[in-house]
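> Mind looking over this structure? Questions follow.
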Amino acid sequence: MNIVNNTYVYFRFLEISVRGQMQYRVSFVMLSFAHFLTTVVEFVAVLVLFDRFGSLKGWELAEVAFMYGIVNIAFSISDAATRGFDVFGTMVKSGDFDRLLTRPRSTALQLAGQELTLRRVGRFIQGLAILIWAANALEIDWTVMKVGLVIFAVFGGAALFAGLIVIQATLAFWATESLEVMNSLTYGGVFATSYPVTIYRTWFQNFFIFFVPLATISYFPTLAILGRTDALGTPLAFQYLCPLIGFTFLALTLQFWRFGVKHYRSTGS
Amino acid sequence: MSKIVVENLAKTFQIPERRPGLWGALVGVARRTYRSVKALDGISFSIDSGELVGYIGPNGAGKSTTIKVISGILNPDSGRCEIDGLVPWEDRIAHVKRIGVVFGQRTQLWWDLPVIESFDLLRDIYAVDADEYVKTRDELVERLDIESLLNVPVRLLSLGQRMRCDLVAALLHRPSILFLDEPTVGLDSVSKLVFRDFIREMNTDRGLTVILTTHDMDDIEALCERVIVIGNGQILSDGPLAALRKQISPERLLIVEFEEEDARVSGLNAKIIEQDGHRTRLSFNPEKISASELIAQVAAQHPVRYLFVENPPIEEIIARMYTENSL
Amino acid sequence: MRGYGALISARFRTLLQYRSAAIVGFTTQIFFGLIFVMVFEAFFESSSLPQPMSEPDVITYIWLGQAFIMMLPWNVDRDLQALVRSGGVVYELLRPMDVYTAWFSRAIALRTAPAIMRSIPLLVIATLLFDMSGPDSLAAGLAFGVTMIGAILLSCAITNFISITLMWTISGEGVSGFAPAIVMVFSGMIVPIPFFPEWAQTIIRILPFSGLVDTPYRLYLGHLPASDLGLLFGHQLLWTFAFILLGRWMLSRGLRRLTVQGG
């Protein structure tokens, strides 16, 4: 059961999940639309504030919208792909996790494959629309490198958000009730890193650069793409490569997950 | 060399305590205490290949915990276990490839999808060779007669139908050991018989090693040559079912409702527990007088509206075992 | 009456058990509060134009919001959601209680217990460390208190309404999916309503959600005069009753539909 086989099984899982959801086609369309509306309404806050204040410490609406777009696309991918981990708290309580342990696959793989929540496409579309609008408004000088960076940043971001959900799921092994903590961190992170991190106080900037490195999804890549100089003085190379951090973060959280499973298997539910 | 070897397994759980009352709840926010529950207190047994063993005991006795340990889900605090040369909790993935588990009332099939798609997915999860899979699947489907259910979504199946599908699902990867955890709860009589027939056949014809935990004594009597009784985390009895029967009082109850009120019986080879109105409760020893003989005698005395025979519930048997073992 | 009181008390006690969630929630709310404050600070720094609310007022407003965030109808009662999904909701009819009032009682506990656990420490910290100020005047403080009660009732009515809509959705999500976003934006939680363009403010003030956040907090700040209490409290109560009536009607129809269809 090597990596190729495991990848195959993962995609089989996703196929099953998609087919299950497609059975409820009307519901899917309605929910996607509702989700789209929700996320659009969130952007309203950004619009309102720029309308009142005009600019944000040297950043204009389109630039912030560009960052907002990347972050939201990244989050929507993670949100769709990590449902199994997100609802893990209930699974642990109901004892259904045991069934996963009776199968000859890693529990992480099984949870990752549990569901691909298609209706999150609502946020994906919203993020993409805003990103495209912002890119147009900013008249960006697109190169292959820059397009690659956007994609890299989006997936690095998705990995980072996924890592946060894995942490939330792992914590469910210890808490007697399901903790929605990471929901706040993910949504808070989406909100906070839609704005350039330089607007925050230093210690807060450091939080989003070093601790929960969401700045690596939006701020640094955006600097590279817009050709802006970084007030923090990071080199261009870093700005291009930093989404790697998201993948590393996810790998670390999966280690934490393994630790959590070990704990579960020695203390029972 | 036994297939399953269990030696001195011990497992203690820490359960958080909940304080009563509103003040208690507020205090509980600040300070949390635990109490210890000894689920397994030195369990030992060994099972050979091809055995069909019943594993019984009252609720909370440690049955589920044992199953969880030997299926690799749970690590014990101490003790040894080896199944086919592997330690279940240390080599989880290698171990679970060789076992099948059916949890009663909890299906492992995917709720919204046709049964066949769950099977196909399990084939991929267990990485079963494609041709082998088709052969095994078709055999099992035919044997359990679920051909007509293959395209039905699992959520539309009745409990009995789901059980049959779960049995197939558990055996698709040709495990050599099958664990059944309370599989017949809530099943109708026909489904129970189908279940028993199937397990018996798998055991005798295919040499499948089976461990069955259940509350249903009829399951035990129909299937198990050997019965292990667990109570309070300890093995109370381990041996042939016949021996267990002899060990405990073989009394059965016959409850009769007569046509006439105040019908009274006498002179029977049975003890009268009570006679009240239409109802009479008798206790008899089936080794001394068979149920049908007694029924005939009773019916000869007065016209009967209906009657039924009751086995002493397993809890009673175990309770007696407790008192006998001074626990 | 005693039955409902017991329900509230029992549910309240259960919710107080969730102490880890409260501690974690408390931390993340400080986190969120700081983000909001800093974003606003940055915006204020970027413009010298006069703004509808002063920066100190915005800061206090944000911390009030974070302190009492759990009071908002942003989630449904999980137990009810599970009950509806499993079809067991029909068994509610077997209890000697008016189903709507029983659920409302649960909502009262749901909207107060977690909020109390978090608000007290949060208000203390925010006052000591984060420049949160006290009420503008005694009258402001009293008006705040009264409209907080109104906000809780309104929130319970909305929560209950959302829980009831679960009976009509197949996957059990539906309205509860986008309710949080609508509530957050239109209550003034994310951006205080005075910052919205004038035309939007008129619409938002009519909507029920402003009664949840905007009303009590701006009374607290003195931004809304305490003399407006009657009007504002009336607005809260009016919408509360509207949601209650709508909720009751939907509940009875929903239960009837389930008993006819067999759940």
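Each chain in the structure tokens gets a letter, A, B and so on, in the order shown; residues start at 1 in every chain, and ligands are counted from 1 in the order they appear.
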Using only C-alpha atoms, I'd like every residue of chain C that has an atom within 12 Å of chain B; please write them out as a list in words.
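Listed by rising number, the hits are Ala6, Ile8, Ser9, Ala10, Arg11, Phe12, Arg13, Thr14, Leu15, Leu16, Gln17, Tyr18, Arg19, Ser20, Ala21, Ala22, Ile23, Ala113, Pro114, Ile116, Met117 and Ser171 of chain C.
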> Quick one: residues within 9 Å of Arg98 (chain B), only C-alpha atoms counted, chain neighbours fewer than 5 positions away excluded, as an MDAnalysis selection string?
chainID B and resid 173:178
> Write a file of the selected residues as a CSV table (one decimal), in the first residue's frame, keeping N, CA and C atoms.

```csv
chain,number,residue,atom,x,y,z
B,173,HIS,N,-12.6,-9.2,2.0
B,173,HIS,CA,-11.1,-9.3,1.8
B,173,HIS,C,-10.6,-10.6,2.4
B,174,ARG,N,-11.5,-11.6,2.5
B,174,ARG,CA,-11.2,-12.9,3.0
B,174,ARG,C,-10.3,-13.0,4.2
B,175,PRO,N,-10.8,-12.4,5.3
B,175,PRO,CA,-10.1,-12.4,6.6
B,175,PRO,C,-10.1,-13.8,7.1
B,176,SER,N,-9.2,-14.2,8.0
B,176,SER,CA,-9.3,-15.5,8.6
B,176,SER,C,-10.0,-15.5,9.9
B,177,ILE,N,-10.2,-14.3,10.4
B,177,ILE,CA,-10.9,-14.1,11.7
B,177,ILE,C,-12.0,-13.1,11.6
B,178,LEU,N,-13.1,-13.5,12.2
B,178,LEU,CA,-14.3,-12.5,12.2
B,178,LEU,C,-14.7,-12.2,13.6
```
> Do me a favour and pick out the residues of chain A within 10 Å of chain B, using only C-alpha atoms, as JSON, numbers by chain.
{"A": [1, 5, 6, 8, 9, 10, 12, 13, 16, 17, 19, 20, 21, 23, 96, 97, 98, 99, 100, 101, 102, 103, 104, 105, 106, 110, 176, 261, 262, 263, 264, 265, 266, 267, 268, 269]}
> Counting only C-alpha atoms, collect the residues of chain C whose closest atom lies at most 6 Å from chain A, and write them out as a ChimeraX atom specification.
/C:21,38,42-43,46-47,178,181,196
> Determine, counting only C-alpha atoms, which protein, DNA and RNA residues have an atom within 12 Å of an atom of Pro225 (chain C); residues of the same chain fewer than 2 positions away are not included. Present the result as a compact mmCIF listing (two decimals) with N, CA and C atoms, in the first residue's frame.

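Output saved as out-v6.txt:
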```
# COMPACT_ATOMS: atom_id res chain seq x y z
N ASP C 136 -21.33 55.55 29.01
CA ASP C 136 -21.22 56.99 28.87
C ASP C 136 -21.82 57.72 30.06
N SER C 137 -22.90 57.17 30.62
CA SER C 137 -23.56 57.80 31.77
C SER C 137 -24.41 56.73 32.43
N LEU C 138 -24.99 57.06 33.58
CA LEU C 138 -25.85 56.11 34.26
C LEU C 138 -27.02 55.73 33.37
N ALA C 139 -27.59 56.76 32.76
CA ALA C 139 -28.73 56.51 31.87
C ALA C 139 -28.32 55.59 30.73
N ALA C 140 -27.12 55.86 30.20
CA ALA C 140 -26.63 55.00 29.10
C ALA C 140 -26.49 53.58 29.58
N GLY C 141 -25.92 53.42 30.78
CA GLY C 141 -25.73 52.09 31.32
C GLY C 141 -27.05 51.35 31.50
N LEU C 142 -28.05 52.05 32.02
CA LEU C 142 -29.35 51.42 32.23
C LEU C 142 -29.98 51.04 30.89
N ALA C 143 -29.90 52.00 29.96
CA ALA C 143 -30.46 51.72 28.64
C ALA C 143 -29.78 50.50 28.03
N PHE C 144 -28.47 50.43 28.22
CA PHE C 144 -27.71 49.26 27.76
C PHE C 144 -28.27 47.98 28.37
N THR C 215 -27.89 48.44 18.70
CA THR C 215 -28.71 49.14 19.69
C THR C 215 -28.09 49.17 21.08
N PRO C 216 -27.85 48.02 21.70
CA PRO C 216 -27.33 48.09 23.07
C PRO C 216 -25.95 48.76 23.16
N TYR C 217 -25.07 48.51 22.22
CA TYR C 217 -23.71 49.03 22.37
C TYR C 217 -23.64 50.52 22.13
N ARG C 218 -24.44 51.01 21.18
CA ARG C 218 -24.37 52.45 20.94
C ARG C 218 -25.12 53.23 22.00
N LEU C 219 -26.07 52.56 22.67
CA LEU C 219 -26.68 53.20 23.84
C LEU C 219 -25.64 53.30 24.94
N TYR C 220 -24.91 52.23 25.13
CA TYR C 220 -23.82 52.19 26.13
C TYR C 220 -22.85 53.34 25.91
N LEU C 221 -22.50 53.58 24.64
CA LEU C 221 -21.52 54.61 24.32
C LEU C 221 -22.11 56.01 24.40
N GLY C 222 -23.44 56.07 24.51
CA GLY C 222 -24.05 57.39 24.46
C GLY C 222 -24.18 57.90 23.04
N HIS C 223 -23.76 57.06 22.10
CA HIS C 223 -23.84 57.44 20.69
C HIS C 223 -25.29 57.53 20.25
N SER C 227 -32.58 58.57 25.67
CA SER C 227 -33.99 58.91 25.51
C SER C 227 -34.63 58.12 24.37
N ASP C 228 -33.80 57.56 23.49
CA ASP C 228 -34.34 56.75 22.39
C ASP C 228 -34.70 55.35 22.84
N LEU C 229 -34.51 55.06 24.13
CA LEU C 229 -34.68 53.71 24.63
C LEU C 229 -36.03 53.12 24.24
N GLY C 230 -37.08 53.91 24.45
CA GLY C 230 -38.41 53.37 24.17
C GLY C 230 -38.53 52.86 22.75
N LEU C 231 -38.09 53.70 21.82
CA LEU C 231 -38.18 53.35 20.41
C LEU C 231 -37.36 52.12 20.09
N LEU C 232 -36.13 52.12 20.60
CA LEU C 232 -35.21 51.04 20.25
C LEU C 232 -35.63 49.71 20.90
```
> Run DSSP on the backbone of this structure and report the residues of region 256-294 of chain B it assigns to helix (DSSP H, G or I), as a CSV table (one decimal) with N, CA and C atoms, in the first residue's frame.

```csv
chain,number,residue,atom,x,y,z
B,291,ALA,N,-40.0,-29.4,27.9
B,291,ALA,CA,-41.0,-28.3,27.8
B,291,ALA,C,-42.3,-28.8,27.2
B,292,SER,N,-42.2,-29.6,26.1
B,292,SER,CA,-43.4,-30.1,25.5
B,292,SER,C,-44.2,-31.0,26.4
B,293,GLU,N,-43.5,-31.9,27.1
B,293,GLU,CA,-44.3,-32.8,28.0
B,293,GLU,C,-45.0,-32.0,29.1
B,294,LEU,N,-44.4,-31.0,29.6
B,294,LEU,CA,-45.0,-30.2,30.6
B,294,LEU,C,-46.2,-29.4,30.1
```
> Pick the closest to Leu61 (chain A) from A:Ser194, A:Gly89, A:Leu254, A:Phe124: which is it, counting only C-alpha atoms?
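Ranked by minimum distance to Leu61 (chain A), first place goes to A:Ser194.
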> Excluding same-chain residues fewer than 6 positions from Ala62 (chain A), what lies within 10 Å of it counting only C-alpha atoms, as a list in words?
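Close residues of Ala62 (chain A): Tyr68, Ile130, Leu131, Trp133, Ala134, Ala135, Asn136, Ala137 and Leu138 of chain A.
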> So how far away is CA of Ser76 (chain A) from CA of Val92 (chain A), in Å?
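Computed distance, CA of Val92 (chain A) to CA of Ser76 (chain A), equals 24.9 Å.
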> What's the 10 Å shell around Gln297 (chain B), counting only C-alpha atoms, without same-chain residues fewer than 4 positions away, as a ChimeraX atom specification?
/B:265-269,291-293,301-302
> Which polymer residues have any atom within 10 Å of an atom of Val134 (chain B), counting only C-alpha atoms, with same-chain residues fewer than 4 positions away left out, as a PyMOL selection string?
chain B and resi 120+123+128-130+138-140+172
> I'd like the neighbourhood of Arg200 (chain B) as an MDAnalysis selection string, where a residue qualifies if any of its atoms comes within 10 Å (using only C-alpha atoms), though same-chain residues fewer than 3 positions away should be ignored.
chainID B and resid 52 194:197 203:208 210 222:224
> With N, CA and C atoms retained, export the selected residues as a PDB file, in the first residue's frame.

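Written file, part.pdb:
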```pdb
ATOM      1  N   LEU B  52     -15.336 -21.427  16.972  1.00  0.00           N
ATOM      2  CA  LEU B  52     -16.422 -20.455  16.988  1.00  0.00           C
ATOM      3  C   LEU B  52     -16.743 -20.218  18.458  1.00  0.00           C
ATOM      4  N   VAL B 194     -31.041 -16.624   9.417  1.00  0.00           N
ATOM      5  CA  VAL B 194     -30.156 -16.480   8.256  1.00  0.00           C
ATOM      6  C   VAL B 194     -28.734 -16.229   8.733  1.00  0.00           C
ATOM      7  N   PHE B 195     -28.632 -15.317   9.682  1.00  0.00           N
ATOM      8  CA  PHE B 195     -27.325 -14.974  10.251  1.00  0.00           C
ATOM      9  C   PHE B 195     -26.636 -16.211  10.819  1.00  0.00           C
ATOM     10  N   ARG B 196     -27.366 -16.963  11.630  1.00  0.00           N
ATOM     11  CA  ARG B 196     -26.758 -18.128  12.278  1.00  0.00           C
ATOM     12  C   ARG B 196     -26.326 -19.187  11.271  1.00  0.00           C
ATOM     13  N   ASP B 197     -27.195 -19.447  10.323  1.00  0.00           N
ATOM     14  CA  ASP B 197     -26.856 -20.407   9.263  1.00  0.00           C
ATOM     15  C   ASP B 197     -25.561 -20.031   8.581  1.00  0.00           C
ATOM     16  N   ASN B 203     -17.954 -21.046   9.336  1.00  0.00           N
ATOM     17  CA  ASN B 203     -17.050 -21.637  10.313  1.00  0.00           C
ATOM     18  C   ASN B 203     -16.719 -23.084   9.979  1.00  0.00           C
ATOM     19  N   THR B 204     -17.746 -23.894   9.684  1.00  0.00           N
ATOM     20  CA  THR B 204     -17.473 -25.307   9.464  1.00  0.00           C
ATOM     21  C   THR B 204     -16.893 -25.570   8.078  1.00  0.00           C
ATOM     22  N   ASP B 205     -17.439 -24.939   7.039  1.00  0.00           N
ATOM     23  CA  ASP B 205     -16.959 -25.229   5.689  1.00  0.00           C
ATOM     24  C   ASP B 205     -15.689 -24.467   5.328  1.00  0.00           C
ATOM     25  N   ARG B 206     -15.583 -23.216   5.778  1.00  0.00           N
ATOM     26  CA  ARG B 206     -14.446 -22.396   5.367  1.00  0.00           C
ATOM     27  C   ARG B 206     -13.391 -22.256   6.443  1.00  0.00           C
ATOM     28  N   GLY B 207     -13.645 -22.801   7.618  1.00  0.00           N
ATOM     29  CA  GLY B 207     -12.653 -22.702   8.668  1.00  0.00           C
ATOM     30  C   GLY B 207     -12.458 -21.293   9.202  1.00  0.00           C
ATOM     31  N   LEU B 208     -13.473 -20.449   9.066  1.00  0.00           N
ATOM     32  CA  LEU B 208     -13.363 -19.078   9.575  1.00  0.00           C
ATOM     33  C   LEU B 208     -13.408 -19.103  11.106  1.00  0.00           C
ATOM     34  N   VAL B 210     -14.239 -17.485  14.491  1.00  0.00           N
ATOM     35  CA  VAL B 210     -15.251 -16.482  14.819  1.00  0.00           C
ATOM     36  C   VAL B 210     -15.297 -16.225  16.315  1.00  0.00           C
ATOM     37  N   ALA B 222     -27.168 -21.786  19.456  1.00  0.00           N
ATOM     38  CA  ALA B 222     -27.192 -22.258  18.069  1.00  0.00           C
ATOM     39  C   ALA B 222     -25.799 -22.405  17.484  1.00  0.00           C
ATOM     40  N   LEU B 223     -24.857 -21.576  17.919  1.00  0.00           N
ATOM     41  CA  LEU B 223     -23.584 -21.505  17.212  1.00  0.00           C
ATOM     42  C   LEU B 223     -22.370 -22.000  17.983  1.00  0.00           C
ATOM     43  N   CYS B 224     -22.347 -21.732  19.285  1.00  0.00           N
ATOM     44  CA  CYS B 224     -21.059 -21.841  19.970  1.00  0.00           C
ATOM     45  C   CYS B 224     -20.850 -23.135  20.712  1.00  0.00           C
TER      46      CYS B 224
END
```
> Could you jot down the CA of Leu236 (chain A) to CA of Ala158 (chain A) separation for me, Å, one decimal place?
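Distance reported for this atom pair: 22.0 Å.
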> What is the distance, in Å and to one decimal place, between CA of Ser119 (chain C) and CA of Pro208 (chain C)?
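Value for the CA of Ser119 (chain C)-CA of Pro208 (chain C) distance: 23.1 Å.
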> So, counting only C-alpha atoms, which residue among C:Gln51, C:Thr112, C:Ser105, C:Gln66 is closest to Gly33 (chain C)?
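Among the listed residues, C:Gln66 lies closest to Gly33 (chain C).
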